[in-house]
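File shown here: start04.json, holding JSON, C-alpha atoms and all ligand atoms.
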```
[["chain", "number", "residue", "atom", "x", "y", "z"],
["A", 9, "MET", "CA", 0.00, 0.00, 0.00],
["A", 10, "ASN", "CA", 0.97, 3.63, -0.43],
["A", 11, "ILE", "CA", 0.60, 6.01, 2.47],
["A", 12, "VAL", "CA", 0.60, 9.81, 2.16],
["A", 13, "VAL", "CA", 1.17, 11.87, 5.30],
["A", 14, "LEU", "CA", 0.08, 15.51, 5.30],
["A", 15, "VAL", "CA", 2.57, 17.51, 7.29],
["A", 16, "LYS", "CA", 2.31, 21.18, 8.13],
["A", 17, "GLN", "CA", 5.08, 23.50, 9.28],
["A", 18, "VAL", "CA", 3.93, 25.58, 12.27],
["A", 19, "PRO", "CA", 5.56, 28.21, 14.51],
["A", 20, "ASP", "CA", 7.25, 26.68, 17.56],
["A", 21, "THR", "CA", 5.10, 28.51, 20.04],
["A", 22, "THR", "CA", 1.55, 28.66, 21.29],
["A", 23, "GLU", "CA", 1.92, 32.41, 21.78],
["A", 24, "VAL", "CA", 1.48, 33.41, 18.17],
["A", 25, "LYS", "CA", 1.63, 37.19, 17.85],
["A", 26, "ILE", "CA", -0.70, 39.10, 15.56],
["A", 27, "ASN", "CA", 0.15, 42.17, 13.51],
["A", 28, "PRO", "CA", -2.57, 44.62, 14.68],
["A", 29, "GLU", "CA", -2.48, 46.55, 11.38],
["A", 30, "THR", "CA", -2.71, 43.69, 8.89],
["A", 31, "GLY", "CA", -4.44, 41.15, 11.14],
["A", 32, "THR", "CA", -2.02, 38.43, 10.04],
["A", 33, "LEU", "CA", 0.24, 36.16, 12.06],
["A", 34, "ILE", "CA", 3.78, 37.39, 12.71],
["A", 35, "ARG", "CA", 5.91, 34.40, 11.73],
["A", 36, "ALA", "CA", 9.26, 36.21, 11.35],
["A", 37, "GLY", "CA", 11.76, 35.29, 14.06],
["A", 38, "VAL", "CA", 9.63, 32.40, 15.31],
["A", 39, "PRO", "CA", 11.32, 29.02, 14.80],
["A", 40, "SER", "CA", 9.22, 26.47, 12.95],
["A", 41, "ILE", "CA", 8.52, 22.84, 13.75],
["A", 42, "ILE", "CA", 6.50, 19.98, 12.36],
["A", 43, "ASN", "CA", 2.92, 20.30, 13.62],
["A", 44, "PRO", "CA", 2.89, 18.04, 16.74],
["A", 45, "TYR", "CA", -0.25, 16.13, 15.65],
["A", 46, "ASP", "CA", 1.41, 15.41, 12.28],
["A", 47, "HIS", "CA", 4.36, 13.91, 14.13],
["A", 48, "PHE", "CA", 1.97, 11.25, 15.48],
["A", 49, "ALA", "CA", 0.46, 10.72, 12.01],
["A", 50, "LEU", "CA", 3.99, 10.27, 10.66],
["A", 51, "ASP", "CA", 4.93, 7.80, 13.38],
["A", 52, "ALA", "CA", 1.75, 5.79, 12.66],
["A", 53, "ALA", "CA", 2.73, 5.70, 8.97],
["A", 54, "LEU", "CA", 6.28, 4.64, 9.78],
["A", 55, "GLU", "CA", 5.03, 1.84, 12.05],
["A", 56, "LEU", "CA", 2.87, 0.55, 9.17],
["A", 57, "LYS", "CA", 5.85, 0.82, 6.84],
["A", 58, "LYS", "CA", 7.99, -1.21, 9.24],
["A", 59, "LYS", "CA", 5.31, -3.87, 9.62],
["A", 60, "HIS", "CA", 4.08, -4.13, 6.02],
["A", 61, "ASP", "CA", 6.80, -2.51, 3.93],
["A", 62, "PHE", "CA", 4.45, 0.21, 2.68],
["A", 63, "LYS", "CA", 5.71, 3.29, 0.86],
["A", 64, "VAL", "CA", 5.37, 6.58, 2.76],
["A", 65, "THR", "CA", 5.22, 9.93, 0.94],
["A", 66, "ILE", "CA", 5.09, 13.30, 2.69],
["A", 67, "VAL", "CA", 3.04, 16.14, 1.22],
["A", 68, "SER", "CA", 3.22, 19.65, 2.64],
["A", 69, "MET", "CA", 2.04, 23.01, 1.39],
["A", 70, "GLY", "CA", 3.94, 26.08, 2.46],
["A", 71, "PRO", "CA", 6.67, 28.60, 1.68],
["A", 72, "PRO", "CA", 10.13, 27.32, 0.60],
["A", 73, "GLN", "CA", 11.33, 27.11, 4.22],
["A", 74, "ALA", "CA", 8.69, 24.43, 4.87],
["A", 75, "LYS", "CA", 11.13, 22.09, 3.12],
["A", 76, "SER", "CA", 12.73, 21.52, 6.54],
["A", 77, "VAL", "CA", 9.71, 19.63, 7.92],
["A", 78, "VAL", "CA", 9.47, 17.48, 4.79],
["A", 79, "GLN", "CA", 13.19, 16.76, 5.06],
["A", 80, "MET", "CA", 12.82, 15.89, 8.72],
["A", 81, "ALA", "CA", 9.97, 13.46, 7.96],
["A", 82, "MET", "CA", 12.17, 11.82, 5.32],
["A", 83, "ALA", "CA", 15.06, 11.63, 7.78],
["A", 84, "LEU", "CA", 12.74, 9.78, 10.15],
["A", 85, "GLY", "CA", 11.98, 7.17, 7.48],
["A", 86, "ALA", "CA", 9.52, 8.47, 4.86],
["A", 87, "ASP", "CA", 10.52, 7.45, 1.33],
["A", 88, "GLU", "CA", 9.68, 10.56, -0.64],
["A", 89, "GLY", "CA", 8.77, 14.19, -0.03],
["A", 90, "VAL", "CA", 6.69, 16.80, -1.82],
["A", 91, "LEU", "CA", 6.46, 20.50, -1.03],
["A", 92, "LEU", "CA", 3.67, 22.42, -2.73],
["A", 93, "SER", "CA", 5.09, 25.90, -2.93],
["A", 94, "ASP", "CA", 3.84, 28.74, -5.06],
["A", 95, "MET", "CA", 2.75, 32.35, -4.43],
["A", 96, "ALA", "CA", -0.62, 31.28, -5.86],
["A", 97, "PHE", "CA", -1.22, 29.25, -2.67],
["A", 98, "ALA", "CA", -0.61, 32.24, -0.32],
["A", 99, "GLY", "CA", -3.62, 33.35, 1.72],
["A", 100, "SER", "CA", -5.56, 30.14, 1.11],
["A", 101, "ASP", "CA", -8.22, 29.30, 3.69],
["A", 102, "THR", "CA", -8.83, 25.72, 4.74],
["A", 103, "TRP", "CA", -10.98, 24.94, 1.66],
["A", 104, "ALA", "CA", -8.32, 26.21, -0.75],
["A", 105, "THR", "CA", -5.56, 24.49, 1.26],
["A", 106, "ALA", "CA", -7.47, 21.20, 1.10],
["A", 107, "TYR", "CA", -7.98, 21.66, -2.65],
["A", 108, "ALA", "CA", -4.25, 22.28, -3.23],
["A", 109, "LEU", "CA", -3.25, 19.31, -1.04],
["A", 110, "ALA", "CA", -5.75, 17.05, -2.80],
["A", 111, "GLN", "CA", -4.31, 18.07, -6.16],
["A", 112, "GLY", "CA", -0.83, 17.29, -4.81],
["A", 113, "VAL", "CA", -1.95, 13.86, -3.58],
["A", 114, "LYS", "CA", -3.45, 13.13, -7.02],
["A", 115, "LYS", "CA", -0.10, 13.87, -8.63],
["A", 116, "VAL", "CA", 1.71, 11.64, -6.12],
["A", 117, "GLY", "CA", -0.44, 8.83, -7.54],
["A", 118, "LYS", "CA", -2.14, 5.98, -5.75],
["A", 119, "ALA", "CA", -2.76, 6.81, -2.08],
["A", 120, "ASP", "CA", -4.37, 3.96, -0.12],
["A", 121, "ILE", "CA", -4.16, 5.68, 3.23],
["A", 122, "ILE", "CA", -3.81, 9.42, 3.84],
["A", 123, "LEU", "CA", -2.78, 10.31, 7.37],
["A", 124, "ALA", "CA", -3.12, 13.84, 8.71],
["A", 125, "GLY", "CA", -2.98, 15.45, 12.13],
["A", 126, "MET", "CA", -6.30, 16.14, 13.80],
["A", 127, "GLN", "CA", -5.49, 19.85, 13.78],
["A", 128, "ALA", "CA", -2.66, 22.31, 13.36],
["A", 129, "ILE", "CA", -1.54, 24.15, 16.50],
["A", 130, "ASP", "CA", -1.56, 27.53, 14.75],
["A", 131, "GLY", "CA", -4.71, 27.49, 12.59],
["A", 132, "ASP", "CA", -6.53, 25.05, 14.89],
["A", 133, "THR", "CA", -9.52, 24.50, 12.59],
["A", 134, "ALA", "CA", -9.25, 20.69, 12.16],
["A", 135, "GLN", "CA", -10.89, 21.20, 8.76],
["A", 136, "THR", "CA", -8.05, 20.42, 6.37],
["A", 137, "GLY", "CA", -7.93, 16.62, 6.68],
["A", 138, "PRO", "CA", -11.71, 16.21, 6.22],
["A", 139, "GLY", "CA", -11.53, 18.77, 3.39],
["A", 140, "VAL", "CA", -8.91, 16.70, 1.53],
["A", 141, "ALA", "CA", -11.04, 13.55, 1.94],
["A", 142, "GLN", "CA", -14.04, 15.44, 0.56],
["A", 143, "GLN", "CA", -12.04, 16.77, -2.41],
["A", 144, "LEU", "CA", -10.78, 13.26, -3.21],
["A", 145, "GLY", "CA", -14.17, 11.65, -2.61],
["A", 146, "MET", "CA", -12.83, 9.18, -0.05],
["A", 147, "PRO", "CA", -14.14, 8.14, 3.39],
["A", 148, "GLN", "CA", -12.53, 9.57, 6.48],
["A", 149, "ILE", "CA", -12.06, 8.52, 10.09],
["A", 150, "THR", "CA", -11.19, 11.40, 12.42],
["A", 151, "PHE", "CA", -9.69, 11.66, 15.95],
["A", 152, "CYS", "CA", -7.84, 8.34, 15.72],
["A", 153, "GLU", "CA", -5.40, 6.97, 18.29],
["A", 154, "HIS", "CA", -4.23, 3.92, 16.41],
["A", 155, "VAL", "CA", -4.20, 2.60, 12.85],
["A", 156, "ASP", "CA", -3.54, -0.92, 11.64],
["A", 157, "VAL", "CA", -3.90, -2.80, 8.39],
["A", 158, "ASP", "CA", -5.10, -6.37, 8.01],
["A", 159, "GLY", "CA", -5.05, -7.49, 4.39],
["A", 160, "ARG", "CA", -7.17, -4.91, 2.56],
["A", 161, "ARG", "CA", -8.83, -3.67, 5.75],
["A", 162, "VAL", "CA", -7.73, -0.48, 7.46],
["A", 163, "ILE", "CA", -8.64, -0.57, 11.15],
["A", 164, "ALA", "CA", -8.66, 2.59, 13.20],
["A", 165, "ARG", "CA", -9.35, 3.23, 16.87],
["A", 166, "LYS", "CA", -11.14, 6.52, 17.24],
["A", 167, "GLN", "CA", -11.56, 8.61, 20.40],
["A", 168, "ILE", "CA", -15.17, 9.35, 21.30],
["A", 169, "ASP", "CA", -16.74, 10.87, 24.42],
["A", 170, "GLY", "CA", -16.05, 8.47, 27.27],
["A", 171, "GLY", "CA", -14.47, 5.71, 25.19],
["A", 172, "TYR", "CA", -13.33, 4.40, 21.84],
["A", 173, "GLU", "CA", -14.81, 3.24, 18.60],
["A", 174, "VAL", "CA", -13.02, 0.73, 16.38],
["A", 175, "LEU", "CA", -13.80, 1.32, 12.71],
["A", 176, "GLU", "CA", -12.84, -0.46, 9.54],
["A", 177, "ALA", "CA", -12.56, 0.92, 6.04],
["A", 178, "ARG", "CA", -11.45, -0.30, 2.69],
["A", 179, "PRO", "CA", -8.76, 1.84, 1.13],
["A", 180, "PRO", "CA", -8.57, 4.56, 0.04],
["A", 181, "VAL", "CA", -9.30, 6.24, 3.36],
["A", 182, "LEU", "CA", -8.16, 9.42, 5.11],
["A", 183, "ILE", "CA", -7.44, 9.25, 8.83],
["A", 184, "THR", "CA", -6.75, 12.13, 11.20],
["A", 185, "MET", "CA", -4.63, 11.39, 14.24],
["A", 186, "VAL", "CA", -4.72, 12.72, 17.79],
["A", 187, "MET", "CA", -1.70, 12.73, 20.09],
["A", 188, "THR", "CA", -1.59, 9.26, 21.59],
["A", 189, "LYS", "CA", 0.64, 7.10, 23.76],
["A", 190, "ASP", "CA", 0.49, 4.41, 21.06],
["A", 191, "TYR", "CA", 3.07, 6.32, 19.03],
["A", 192, "THR", "CA", 6.28, 8.04, 19.99],
["A", 193, "PRO", "CA", 7.38, 10.93, 17.80],
["A", 194, "ARG", "CA", 11.13, 10.72, 17.35],
["A", 195, "TYR", "CA", 13.85, 13.07, 16.19],
["A", 196, "PRO", "CA", 16.34, 12.13, 13.50],
["A", 197, "SER", "CA", 20.06, 11.73, 14.06],
["A", 198, "PHE", "CA", 22.60, 13.61, 11.96],
["A", 199, "MET", "CA", 23.21, 10.41, 9.97],
["A", 200, "ASP", "CA", 19.47, 10.06, 9.28],
["A", 201, "VAL", "CA", 19.34, 13.63, 7.99],
["A", 202, "HIS", "CA", 22.37, 13.04, 5.82],
["A", 203, "ALA", "CA", 20.86, 9.85, 4.35],
["A", 204, "SER", "CA", 17.54, 11.59, 3.67],
["A", 205, "LEU", "CA", 19.21, 14.07, 1.32],
["A", 206, "LYS", "CA", 19.48, 11.26, -1.24],
["A", 207, "LYS", "CA", 15.73, 10.54, -1.13],
["A", 208, "PRO", "CA", 13.45, 11.95, -3.85],
["A", 209, "PHE", "CA", 12.17, 15.42, -2.95],
["A", 210, "HIS", "CA", 9.98, 17.52, -5.25],
["A", 211, "VAL", "CA", 8.80, 21.11, -5.16],
["A", 212, "TRP", "CA", 5.59, 21.44, -7.14],
["A", 213, "SER", "CA", 3.87, 24.63, -8.20],
["A", 214, "ALA", "CA", 0.11, 25.12, -8.66],
["A", 215, "ALA", "CA", 0.57, 24.45, -12.39],
["A", 216, "ASP", "CA", 2.56, 21.26, -11.65],
["A", 217, "VAL", "CA", -0.39, 19.78, -9.75],
["A", 218, "GLY", "CA", -3.03, 21.13, -12.14],
["A", 219, "ALA", "CA", -4.54, 23.43, -9.48],
["A", 220, "GLU", "CA", -6.75, 26.13, -10.97],
["A", 221, "ALA", "CA", -5.89, 29.68, -9.85],
["A", 222, "GLN", "CA", -9.58, 30.51, -9.24],
["A", 223, "TYR", "CA", -9.64, 28.01, -6.34],
["A", 224, "LEU", "CA", -6.42, 29.15, -4.68],
["A", 225, "GLY", "CA", -5.21, 31.94, -2.42],
["A", 226, "LEU", "CA", -7.35, 34.73, -0.98],
["A", 227, "LYS", "CA", -9.47, 34.98, -4.14],
["A", 228, "GLY", "CA", -10.22, 31.27, -4.22],
["A", 229, "SER", "CA", -11.05, 31.12, -0.50],
["A", 230, "PRO", "CA", -14.76, 31.04, 0.36],
["A", 231, "THR", "CA", -14.04, 32.33, 3.89],
["A", 232, "GLN", "CA", -12.42, 35.65, 4.71],
["A", 233, "VAL", "CA", -11.07, 36.78, 8.08],
["A", 234, "ASN", "CA", -13.04, 39.91, 9.11],
["A", 235, "LYS", "CA", -11.04, 40.62, 12.21],
["A", 236, "ILE", "CA", -8.33, 38.89, 14.20],
["A", 237, "TYR", "CA", -7.11, 40.08, 17.60],
["A", 238, "PRO", "CA", -5.54, 38.76, 20.80],
["A", 239, "PRO", "CA", -7.79, 38.46, 23.87],
["A", 240, "PRO", "CA", -7.78, 41.57, 26.10],
["A", 241, "GLN", "CA", -5.13, 41.44, 28.79],
["A", 242, "ARG", "CA", -6.45, 40.59, 32.23],
["A", 243, "GLU", "CA", -5.99, 43.01, 35.09],
["A", 244, "LYS", "CA", -3.05, 42.22, 37.34],
["A", 245, "ALA", "CA", -3.91, 39.72, 40.07],
["A", 246, "ALA", "CA", -4.16, 41.01, 43.65],
["A", 247, "MET", "CA", -1.56, 39.32, 45.86],
["A", 248, "PHE", "CA", -1.90, 39.05, 49.66],
["A", 249, "ALA", "CA", 1.07, 38.05, 51.75],
["A", 250, "GLY", "CA", -0.39, 38.06, 55.27],
["A", 251, "SER", "CA", -1.44, 35.23, 57.54],
["A", 252, "GLY", "CA", -4.21, 32.88, 56.48],
["A", 253, "GLN", "CA", -6.76, 34.78, 58.63],
["A", 254, "GLU", "CA", -5.62, 38.20, 57.29],
["A", 255, "ASN", "CA", -5.70, 36.98, 53.68],
["A", 256, "ALA", "CA", -9.16, 35.48, 54.10],
["A", 257, "GLU", "CA", -10.45, 38.84, 55.45],
["A", 258, "LYS", "CA", -8.85, 40.75, 52.60],
["A", 259, "ILE", "CA", -10.26, 38.37, 49.99],
["A", 260, "LEU", "CA", -13.71, 38.69, 51.56],
["A", 261, "GLU", "CA", -13.43, 42.47, 51.57],
["A", 262, "LEU", "CA", -12.35, 42.45, 47.91],
["A", 263, "MET", "CA", -15.23, 40.17, 46.95],
["A", 264, "ARG", "CA", -17.73, 42.47, 48.72],
["A", 265, "ARG", "CA", -16.25, 45.52, 47.01],
["A", 266, "GLU", "CA", -16.46, 43.87, 43.58],
["A", 267, "HIS", "CA", -20.06, 42.71, 44.31],
["A", 268, "PHE", "CA", -19.20, 39.02, 44.03],
["A", 269, "LEU", "CA", -21.29, 38.32, 47.13],
["A", 270, "GLY", "CA", -24.48, 39.70, 45.67],
["A", 271, "GLU", "CA", -24.61, 42.81, 47.93],
["B", 301, "LIG", "C1", -10.66, 32.30, 6.60],
["B", 301, "LIG", "C2", -9.23, 31.92, 6.66],
["B", 301, "LIG", "C3", -8.28, 32.72, 6.02],
["B", 301, "LIG", "C4", -6.95, 32.39, 6.09],
["B", 301, "LIG", "N1", -6.04, 33.21, 5.52],
["B", 301, "LIG", "C5", -4.75, 32.92, 5.65],
["B", 301, "LIG", "C6", -3.75, 33.77, 5.10],
["B", 301, "LIG", "O1", -4.07, 34.80, 4.53],
["B", 301, "LIG", "N2", -2.43, 33.42, 5.23],
["B", 301, "LIG", "C7", -2.08, 32.27, 5.86],
["B", 301, "LIG", "O2", -0.87, 31.97, 5.97],
["B", 301, "LIG", "N3", -2.98, 31.46, 6.40],
["B", 301, "LIG", "C8", -4.30, 31.75, 6.31],
["B", 301, "LIG", "N4", -5.21, 30.94, 6.87],
["B", 301, "LIG", "C9", -4.75, 29.76, 7.53],
["B", 301, "LIG", "C10", -4.68, 28.63, 6.55],
["B", 301, "LIG", "O3", -5.89, 28.46, 5.88],
["B", 301, "LIG", "C11", -4.41, 27.41, 7.33],
["B", 301, "LIG", "O4", -3.07, 27.46, 7.75],
["B", 301, "LIG", "C12", -4.61, 26.14, 6.54],
["B", 301, "LIG", "O5", -5.78, 26.21, 5.81],
["B", 301, "LIG", "C13", -4.66, 24.94, 7.42],
["B", 301, "LIG", "O6", -5.67, 25.10, 8.37],
["B", 301, "LIG", "P1", -5.32, 24.85, 9.88],
["B", 301, "LIG", "O7", -4.03, 25.49, 10.20],
["B", 301, "LIG", "O8", -6.50, 25.19, 10.69],
["B", 301, "LIG", "O9", -5.07, 23.26, 9.85],
["B", 301, "LIG", "P2", -5.97, 22.10, 10.42],
["B", 301, "LIG", "O10", -7.13, 21.88, 9.55],
["B", 301, "LIG", "O11", -6.22, 22.30, 11.89],
["B", 301, "LIG", "O12", -4.89, 20.94, 10.18],
["B", 301, "LIG", "C14", -5.25, 19.57, 10.21],
["B", 301, "LIG", "C15", -4.20, 18.77, 9.51],
["B", 301, "LIG", "O13", -4.24, 19.05, 8.11],
["B", 301, "LIG", "C16", -2.94, 18.95, 7.56],
["B", 301, "LIG", "N5", -2.54, 20.26, 7.04],
["B", 301, "LIG", "C17", -3.04, 21.48, 7.29],
["B", 301, "LIG", "N6", -2.41, 22.44, 6.59],
["B", 301, "LIG", "C18", -1.46, 21.80, 5.86],
["B", 301, "LIG", "C19", -0.46, 22.22, 4.95],
["B", 301, "LIG", "N7", -0.31, 23.51, 4.64],
["B", 301, "LIG", "N8", 0.32, 21.29, 4.39],
["B", 301, "LIG", "C20", 0.18, 19.96, 4.71],
["B", 301, "LIG", "N9", -0.72, 19.51, 5.57],
["B", 301, "LIG", "C21", -1.54, 20.40, 6.14],
["B", 301, "LIG", "C22", -2.01, 18.52, 8.69],
["B", 301, "LIG", "O14", -1.94, 17.13, 8.71],
["B", 301, "LIG", "C23", -2.76, 19.04, 9.93],
["B", 301, "LIG", "O15", -2.45, 18.35, 11.10],
["B", 301, "LIG", "C24", -6.55, 31.24, 6.80],
["B", 301, "LIG", "C25", -7.50, 30.43, 7.41],
["B", 301, "LIG", "C26", -8.83, 30.77, 7.35],
["B", 301, "LIG", "C27", -9.84, 29.88, 8.05]]
```
Show me the file's structure as structure tokens.
Amino acid sequence: MNIVVLVKQVPDTTEVKINPETGTLIRAGVPSIINPYDHFALDAALELKKKHDFKVTIVSMGPPQAKSVVQMAMALGADEGVLLSDMAFAGSDTWATAYALAQGVKKVGKADIILAGMQAIDGDTAQTGPGVAQQLGMPQITFCEHVDVDGRRVIARKQIDGGYEVLEARPPVLITMVMTKDYTPRYPSFMDVHASLKKPFHVWSAADVGAEAQYLGLKGSPTQVNKIYPPPQREKAAMFAGSGQENAEKILELMRREHFLGE
């Protein structure tokens, strides 16, 4: 079987800053990493590769510097890497991103299993994986902890409220992965990185994957961001350093003053 893993490069921080004038994320000066959820998707793919000798191809869409996460995934064991990189992709919302990725997957060729992270830690929408499945007309199983293959059956354990669901699908199928103790994201050694440089790596433009300009970028995105802003800063916390009795009295007084006690 052929597995495609969708890997996104994200800023290495949960404190993403926003440019108040343009309303866009400030990415400059923030180191980038592989999206943590995608690391689990990759490890699931590599486990299947080890067990069944499947081929694993990485597909990412991003600016040229996103090559580093594709390279890292190849250093960890993926066989081939693709970076979709073109100014035409810039400003794409999740629909346009899913369209571009689906076009990329089509060009890769036969994909029996597509693995994606449940969500990206910067965009956080969890829409891209399901969007790719929709674009490719394939079934999807979301929020999975574990994936296995038995003959032509793909078996996935999915997290649900208060338990698990074990689902089966015939390939092709798209699966989104949560962070799970079943897999252990690893980091490559220098030798692994060196060896990965010999693996096939492609940079494909919109034209290369047959993506139509009308469905890409800001113009091709059905959703537009009206406003984006950080939450208002909270007032400084009041600190009391007296005895327990003194502090309790002060807290009570503060609560009365702020009308927390209904007076
Ligand atoms: C209305 C709107 C407008 C936007 N405008 C801009 C903009 O102007 N500029 C901009 O930089 N961003 C923009 N974005 C963000 C951009 O659309 C998202 O980065 C992208 O669509 C992925 O969505 P997400 O980060 O929520 O990923 P999620 O859907 O949360 O990611 C789920 C999984 O999908 C896969 N995935 C997601 N993105 C990629 C990728 N690029 N390559 C490979 N795999 C991927 C990964 O496996 C990931 O774990 C916009 C988003 C919206 C909703």
Hey, can you pull every residue with an atom no more than 7 Å from (2.6, 21.3, 1.2), using all atoms listed in the file, and send it as JSON, numbers by chain?
{"A": [16, 67, 68, 69, 70, 90, 91, 92, 93, 109]}
Given 6 Å and only C-alpha atoms and all ligand atoms, residues near ligand LIG 301 (chain B) as a PyMOL selection string:
chain A and resi 14-16+45-46+67-70+98-102+105+124-128+130-137+231-233
Selection near A:Gly112, 12 Å with only C-alpha atoms, sequence-local residues under 4 positions removed, as a ChimeraX atom specification
/A:12-14,65-69,89-93,105-108,116-119,140,143-144,210-219
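Reported to one decimal place, the separation of atom CA of A:Pro193 from atom CA of A:Ala53 is 11.3 Å.
With only C-alpha atoms as the atoms that count, the residue of A:Gly145, A:Ile41, A:Lys235, A:Pro180 with the shortest distance to A:Arg161 is A:Pro180.
Taking all atoms listed in the file into account, A:Thr150 lies nearest to A:Ile183 out of the set A:Leu260, A:Arg165, A:Ile183, A:Gly170.
Relative to atom CA of A:Ala86, atom CA of A:Lys63 is found at 7.6 Å.
Using all atoms listed in the file for every distance, the candidate list A:Gly37, A:Leu56, A:Met199, A:Met187 yields A:Leu56 as the residue closest to A:Val162.
Between A:His60 and the residues A:Met95, A:Ile42, A:Val18, A:Met9, the shortest atom-to-atom distance, using all atoms listed in the file, involves A:Met9.
In this comparison, which uses only C-alpha atoms, the residue of A:Val77, A:Ile34, A:Ala245, A:Ile26 approaching A:Pro196 most closely is A:Val77.
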Counting only C-alpha atoms, which residue out of A:Lys206, A:Lys227, A:Lys59, A:Lys258 sits closest to A:Val155?
A:Lys59
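Here atom CA of A:Asp200 stands at a distance of 24.8 Å from atom CA of A:Ile121.
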Considering only C-alpha atoms, return as a tab-separated table (two decimals) with C-alpha atoms, in the coordinates of the input whatever protein or nucleic-acid residues lie within 8 Å of A:Ala83, sequence-local ones (same chain, fewer than 4 positions apart) excluded.
```
chain	number	residue	atom	x	y	z
A	79	GLN	CA	13.19	16.76	5.06
A	196	PRO	CA	16.34	12.13	13.50
A	200	ASP	CA	19.47	10.06	9.28
A	201	VAL	CA	19.34	13.63	7.99
A	202	HIS	CA	22.37	13.04	5.82
A	203	ALA	CA	20.86	9.85	4.35
A	204	SER	CA	17.54	11.59	3.67
```
